[in-house]
Amino acid sequence: THGSFSGLLQAQYAYFFTPNSGIGAGLWFTNYTTFAHWGGTFIWKGQTDTDLEQNYDHDAHVKRWKERETTHNIGIPISVQFQYQKEDWKARLFADLGFAPSFAVSKKYRVLDGEIQHSGYYPNWNLLLTDIHEFGPKQYNYTGEMSVRPQVAIFADLGALLPLTKQIDLYLGGYFNCALNDANSSTKKDLGWKDDTFTFMESYDGAYATNLSTASHPWEIGF
């Protein structure tokens with residue numbers, strides 16, 4: 001798997017009980033997007049074909065499987081905050097550290113590309129049959145919802161506050177957030193074929209719900 005660009009929009013209220021330290025609370029909206037890639041060859045030895053020819057090896061080749069998983073989350077960031085400003089500076093240095101309960105409002109996966117190609121090898125004749133028409137090649141374009149539990153994220157910001165009005169600042173700087181608990185609440189299924197007809201899985205609910213995926217801790221780092 002690998003991640004992708006995402007956006008985070010955050011608004012918060014800050015109360016400074018000393019000139020340099022305070023607390024903040026607010027609301028953020030963010031999306032997490034990852035891409036899963038997988039492939040490989042699955043082999044069943046000693047099979048009998050539809051013409052009752054025995055002792056052949058049935059191969060299923062997974063090619064170019066690419067899947068996108070996207071969640072849109074609403075979070076409630078709560079933090080301790082620090083600021084510093086010299087008299088001749090317009091901007092203030094700013095840092096905070098906190099946690100945010102986060103809830104998924106959308107959680108979808110989509111298979112962007114995927115093909116399973118079947119072939120048969122007959123060792124008695126040293127014969128390889130490719131693209132066996134009874135089984136494929138088959139294209140897959142599954143889409144559906146993932147099973148995601150609420151998360152608790154930790155986050156930190158470091159940058160500058162630029163005054164827009166007396167009460168409103170624009171934050172410019174870096175940020176980091178990461179979910180502490182496992183976001184994946186799927187019931188895991190073994191990746192593979194459901195029976196001896198070489199049909200791919202009883203039901204496919206995305207890579208999140210297979211044994212390819214153990215735990216998920218979404219994180220972002222950005223500017």
# chains A, B, ... in the order shown; residues from 1 in each chain; ligands from 1
$ residues_around --residues "Thr210 (chain A)" --least-positions-apart "6" --cutoff "6 Å" --atoms "only C-alpha atoms" --output "list in words"
Lys188, Lys189, Asp190 and Leu191 of chain A
$ write_last_selection --atoms "C-alpha atoms" --output "short mmCIF file (atom, residue, chain, number, x, y, z; two decimals), in the first residue's frame"
data_model
loop_
_atom_site.label_atom_id
_atom_site.label_comp_id
_atom_site.auth_asym_id
_atom_site.auth_seq_id
_atom_site.Cartn_x
_atom_site.Cartn_y
_atom_site.Cartn_z
CA LYS A 188 -11.12 -10.53 7.78
CA LYS A 189 -11.52 -13.11 5.04
CA ASP A 190 -8.88 -15.30 3.49
CA LEU A 191 -7.82 -14.01 0.11
#
$ residues_around --residues "region 114-126 of chain A" --least-positions-apart "6" --cutoff "12 Å" --atoms "only C-alpha atoms" --output "MDAnalysis selection string"
chainID A and resid 36:50 53:68 132:142 192:193 197:200
$ write_last_selection --atoms "N, CA and C atoms" --output "compact mmCIF listing (two decimals), in the first residue's frame"
# COMPACT_ATOMS: atom_id res chain seq x y z
N ALA A 36 -3.85 0.23 -2.65
CA ALA A 36 -3.35 -1.12 -2.42
C ALA A 36 -3.04 -1.76 -3.77
N HIS A 37 -1.88 -2.40 -3.88
CA HIS A 37 -1.48 -3.12 -5.08
C HIS A 37 -1.16 -4.56 -4.68
N TRP A 38 -1.66 -5.51 -5.41
CA TRP A 38 -1.29 -6.88 -5.13
C TRP A 38 -1.40 -7.72 -6.39
N GLY A 39 -0.73 -8.85 -6.36
CA GLY A 39 -0.75 -9.75 -7.50
C GLY A 39 -0.09 -11.05 -7.09
N GLY A 40 -0.03 -11.98 -8.03
CA GLY A 40 0.60 -13.26 -7.74
C GLY A 40 -0.08 -14.39 -8.49
N THR A 41 0.44 -15.58 -8.29
CA THR A 41 -0.08 -16.77 -8.96
C THR A 41 -0.53 -17.79 -7.92
N PHE A 42 -1.74 -18.25 -8.08
CA PHE A 42 -2.29 -19.29 -7.21
C PHE A 42 -2.38 -20.58 -8.02
N ILE A 43 -1.92 -21.71 -7.45
CA ILE A 43 -1.79 -22.96 -8.19
C ILE A 43 -2.52 -24.09 -7.47
N TRP A 44 -3.33 -24.82 -8.23
CA TRP A 44 -3.97 -26.05 -7.74
C TRP A 44 -3.40 -27.21 -8.56
N LYS A 45 -2.71 -28.12 -7.90
CA LYS A 45 -2.09 -29.24 -8.61
C LYS A 45 -3.03 -30.45 -8.62
N GLY A 46 -2.85 -31.29 -9.63
CA GLY A 46 -3.58 -32.55 -9.70
C GLY A 46 -5.07 -32.39 -9.91
N GLN A 47 -5.47 -31.43 -10.75
CA GLN A 47 -6.90 -31.19 -11.01
C GLN A 47 -7.40 -32.03 -12.19
N THR A 48 -8.73 -32.09 -12.31
CA THR A 48 -9.39 -32.75 -13.43
C THR A 48 -10.14 -31.70 -14.22
N ASP A 49 -9.92 -31.62 -15.54
CA ASP A 49 -10.54 -30.56 -16.33
C ASP A 49 -11.96 -30.95 -16.75
N THR A 50 -12.61 -30.08 -17.50
CA THR A 50 -14.02 -30.30 -17.88
C THR A 50 -14.18 -31.44 -18.88
N GLU A 53 -10.05 -34.90 -18.18
CA GLU A 53 -8.62 -35.18 -18.26
C GLU A 53 -8.01 -34.89 -16.89
N GLN A 54 -7.33 -35.88 -16.34
CA GLN A 54 -6.82 -35.77 -14.98
C GLN A 54 -5.37 -35.26 -14.95
N ASN A 55 -4.98 -34.88 -13.73
CA ASN A 55 -3.60 -34.54 -13.43
C ASN A 55 -3.10 -33.35 -14.24
N TYR A 56 -3.79 -32.23 -14.12
CA TYR A 56 -3.24 -31.00 -14.67
C TYR A 56 -3.17 -29.96 -13.56
N ASP A 57 -2.33 -28.98 -13.74
CA ASP A 57 -2.17 -27.91 -12.75
C ASP A 57 -2.92 -26.67 -13.22
N HIS A 58 -3.81 -26.20 -12.38
CA HIS A 58 -4.60 -25.01 -12.72
C HIS A 58 -3.97 -23.79 -12.04
N ASP A 59 -3.64 -22.79 -12.86
CA ASP A 59 -3.02 -21.56 -12.35
C ASP A 59 -3.98 -20.40 -12.54
N ALA A 60 -4.05 -19.54 -11.52
CA ALA A 60 -4.79 -18.29 -11.63
C ALA A 60 -3.80 -17.15 -11.38
N HIS A 61 -3.64 -16.27 -12.37
CA HIS A 61 -2.67 -15.19 -12.30
C HIS A 61 -3.41 -13.87 -12.03
N VAL A 62 -3.13 -13.26 -10.89
CA VAL A 62 -3.70 -11.95 -10.56
C VAL A 62 -2.76 -10.88 -11.12
N LYS A 63 -3.31 -10.01 -11.98
CA LYS A 63 -2.47 -9.03 -12.67
C LYS A 63 -3.00 -7.62 -12.42
N ARG A 64 -2.07 -6.71 -12.16
CA ARG A 64 -2.35 -5.27 -12.12
C ARG A 64 -3.47 -4.89 -11.15
N TRP A 65 -3.61 -5.58 -10.04
CA TRP A 65 -4.69 -5.26 -9.12
C TRP A 65 -4.35 -3.96 -8.39
N LYS A 66 -5.18 -2.95 -8.56
CA LYS A 66 -4.97 -1.66 -7.91
C LYS A 66 -6.29 -1.21 -7.32
N GLU A 67 -6.24 -0.87 -6.05
CA GLU A 67 -7.46 -0.52 -5.32
C GLU A 67 -7.23 0.77 -4.54
N ARG A 68 -8.24 1.63 -4.54
CA ARG A 68 -8.17 2.89 -3.80
C ARG A 68 -9.13 2.83 -2.62
N ILE A 132 -7.77 -19.76 -20.54
CA ILE A 132 -8.82 -20.78 -20.60
C ILE A 132 -10.18 -20.08 -20.58
N HIS A 133 -10.97 -20.30 -21.63
CA HIS A 133 -12.15 -19.47 -21.85
C HIS A 133 -13.24 -19.69 -20.81
N GLU A 134 -13.27 -20.87 -20.18
CA GLU A 134 -14.31 -21.09 -19.16
C GLU A 134 -14.14 -20.17 -17.95
N PHE A 135 -12.92 -19.69 -17.72
CA PHE A 135 -12.64 -18.97 -16.48
C PHE A 135 -12.21 -17.52 -16.70
N GLY A 136 -11.95 -17.11 -17.89
CA GLY A 136 -11.48 -15.74 -18.03
C GLY A 136 -10.71 -15.51 -19.32
N PRO A 137 -9.89 -14.45 -19.41
CA PRO A 137 -9.58 -13.55 -18.28
C PRO A 137 -10.78 -12.71 -17.85
N LYS A 138 -10.84 -12.39 -16.58
CA LYS A 138 -11.95 -11.62 -16.03
C LYS A 138 -11.45 -10.29 -15.49
N GLN A 139 -12.22 -9.25 -15.77
CA GLN A 139 -11.93 -7.93 -15.23
C GLN A 139 -12.80 -7.72 -13.98
N TYR A 140 -12.25 -7.01 -13.02
CA TYR A 140 -12.98 -6.76 -11.77
C TYR A 140 -13.01 -5.27 -11.50
N ASN A 141 -14.16 -4.77 -11.11
CA ASN A 141 -14.30 -3.35 -10.77
C ASN A 141 -15.20 -3.21 -9.54
N TYR A 142 -14.84 -3.92 -8.49
CA TYR A 142 -15.61 -3.87 -7.26
C TYR A 142 -15.61 -2.46 -6.67
N GLY A 192 -8.52 -15.47 -1.71
CA GLY A 192 -8.38 -16.67 -2.52
C GLY A 192 -9.66 -17.07 -3.21
N TRP A 193 -9.81 -18.37 -3.43
CA TRP A 193 -10.91 -18.87 -4.24
C TRP A 193 -11.86 -19.69 -3.37
N THR A 197 -14.32 -24.59 -8.35
CA THR A 197 -14.64 -24.03 -9.67
C THR A 197 -13.75 -22.85 -9.99
N PHE A 198 -12.81 -22.53 -9.10
CA PHE A 198 -11.84 -21.44 -9.29
C PHE A 198 -12.53 -20.09 -9.40
N THR A 199 -13.63 -19.93 -8.69
CA THR A 199 -14.32 -18.64 -8.61
C THR A 199 -13.68 -17.81 -7.50
N PHE A 200 -13.40 -16.55 -7.79
CA PHE A 200 -12.64 -15.70 -6.88
C PHE A 200 -13.48 -15.26 -5.69
$ closest_residue --among "A:Thr34, A:Leu97, A:Lys107, A:Gly173" --to "Ala160 (chain A)" --atoms "only C-alpha atoms"
A:Gly173
$ atom_distance --atom1 "CA of Leu8 (chain A)" --atom2 "CA of Trp219 (chain A)"
11.6 Å
$ residues_around --residues "Gly24 (chain A)" --least-positions-apart "2" --cutoff "9 Å" --atoms "only C-alpha atoms" --output "short mmCIF file (atom, residue, chain, number, x, y, z; two decimals) with C-alpha atoms, in the first residue's frame"
data_model
loop_
_atom_site.label_atom_id
_atom_site.label_comp_id
_atom_site.auth_asym_id
_atom_site.auth_seq_id
_atom_site.Cartn_x
_atom_site.Cartn_y
_atom_site.Cartn_z
CA GLN A 12 -10.39 26.37 16.10
CA TYR A 13 -10.90 28.73 18.98
CA ALA A 14 -7.91 29.51 21.19
CA TYR A 15 -7.88 30.97 24.67
CA PHE A 16 -4.56 32.12 26.09
CA GLY A 22 -3.33 28.50 26.38
CA GLY A 26 -12.20 23.25 17.19
CA PRO A 77 -9.10 18.72 18.04
CA ILE A 78 -8.35 19.68 21.66
CA SER A 79 -4.88 20.99 22.43
CA VAL A 80 -2.49 22.89 24.63
CA GLN A 81 -0.99 25.82 22.75
CA ASP A 96 0.41 23.04 19.85
CA GLY A 98 -3.25 17.61 21.36
#
$ select_by_dssp --residues "region 65-155 of chain A" --states "strand (DSSP E)" --output "PyMOL selection string"
chain A and resi 65-75+78-84+92-122+127-130+138-139+143-145+151-155
$ atom_distance --atom1 "CA of Thr71 (chain A)" --atom2 "CA of Ala156 (chain A)"
21.1 Å
$ atom_distance --atom1 "CA of Tyr32 (chain A)" --atom2 "CA of Met201 (chain A)"
27.0 Å
$ closest_residue --among "A:Tyr84, A:Val105, A:Phe176, A:Tyr204" --to "Ser21 (chain A)" --atoms "only C-alpha atoms"
A:Tyr84
$ residues_around --residues "Phe29 (chain A)" --least-positions-apart "4" --cutoff "6 Å" --atoms "only C-alpha atoms" --output "ChimeraX atom specification"
/A:8-9,73-74
$ closest_residue --among "A:Ser147, A:Asn184, A:Ser106, A:Gln83" --to "Leu162 (chain A)" --atoms "only C-alpha atoms"
A:Gln83
$ residues_around --residues "Leu27 (chain A)" --least-positions-apart "4" --cutoff "6 Å" --atoms "only C-alpha atoms" --output "count of residues only"
4
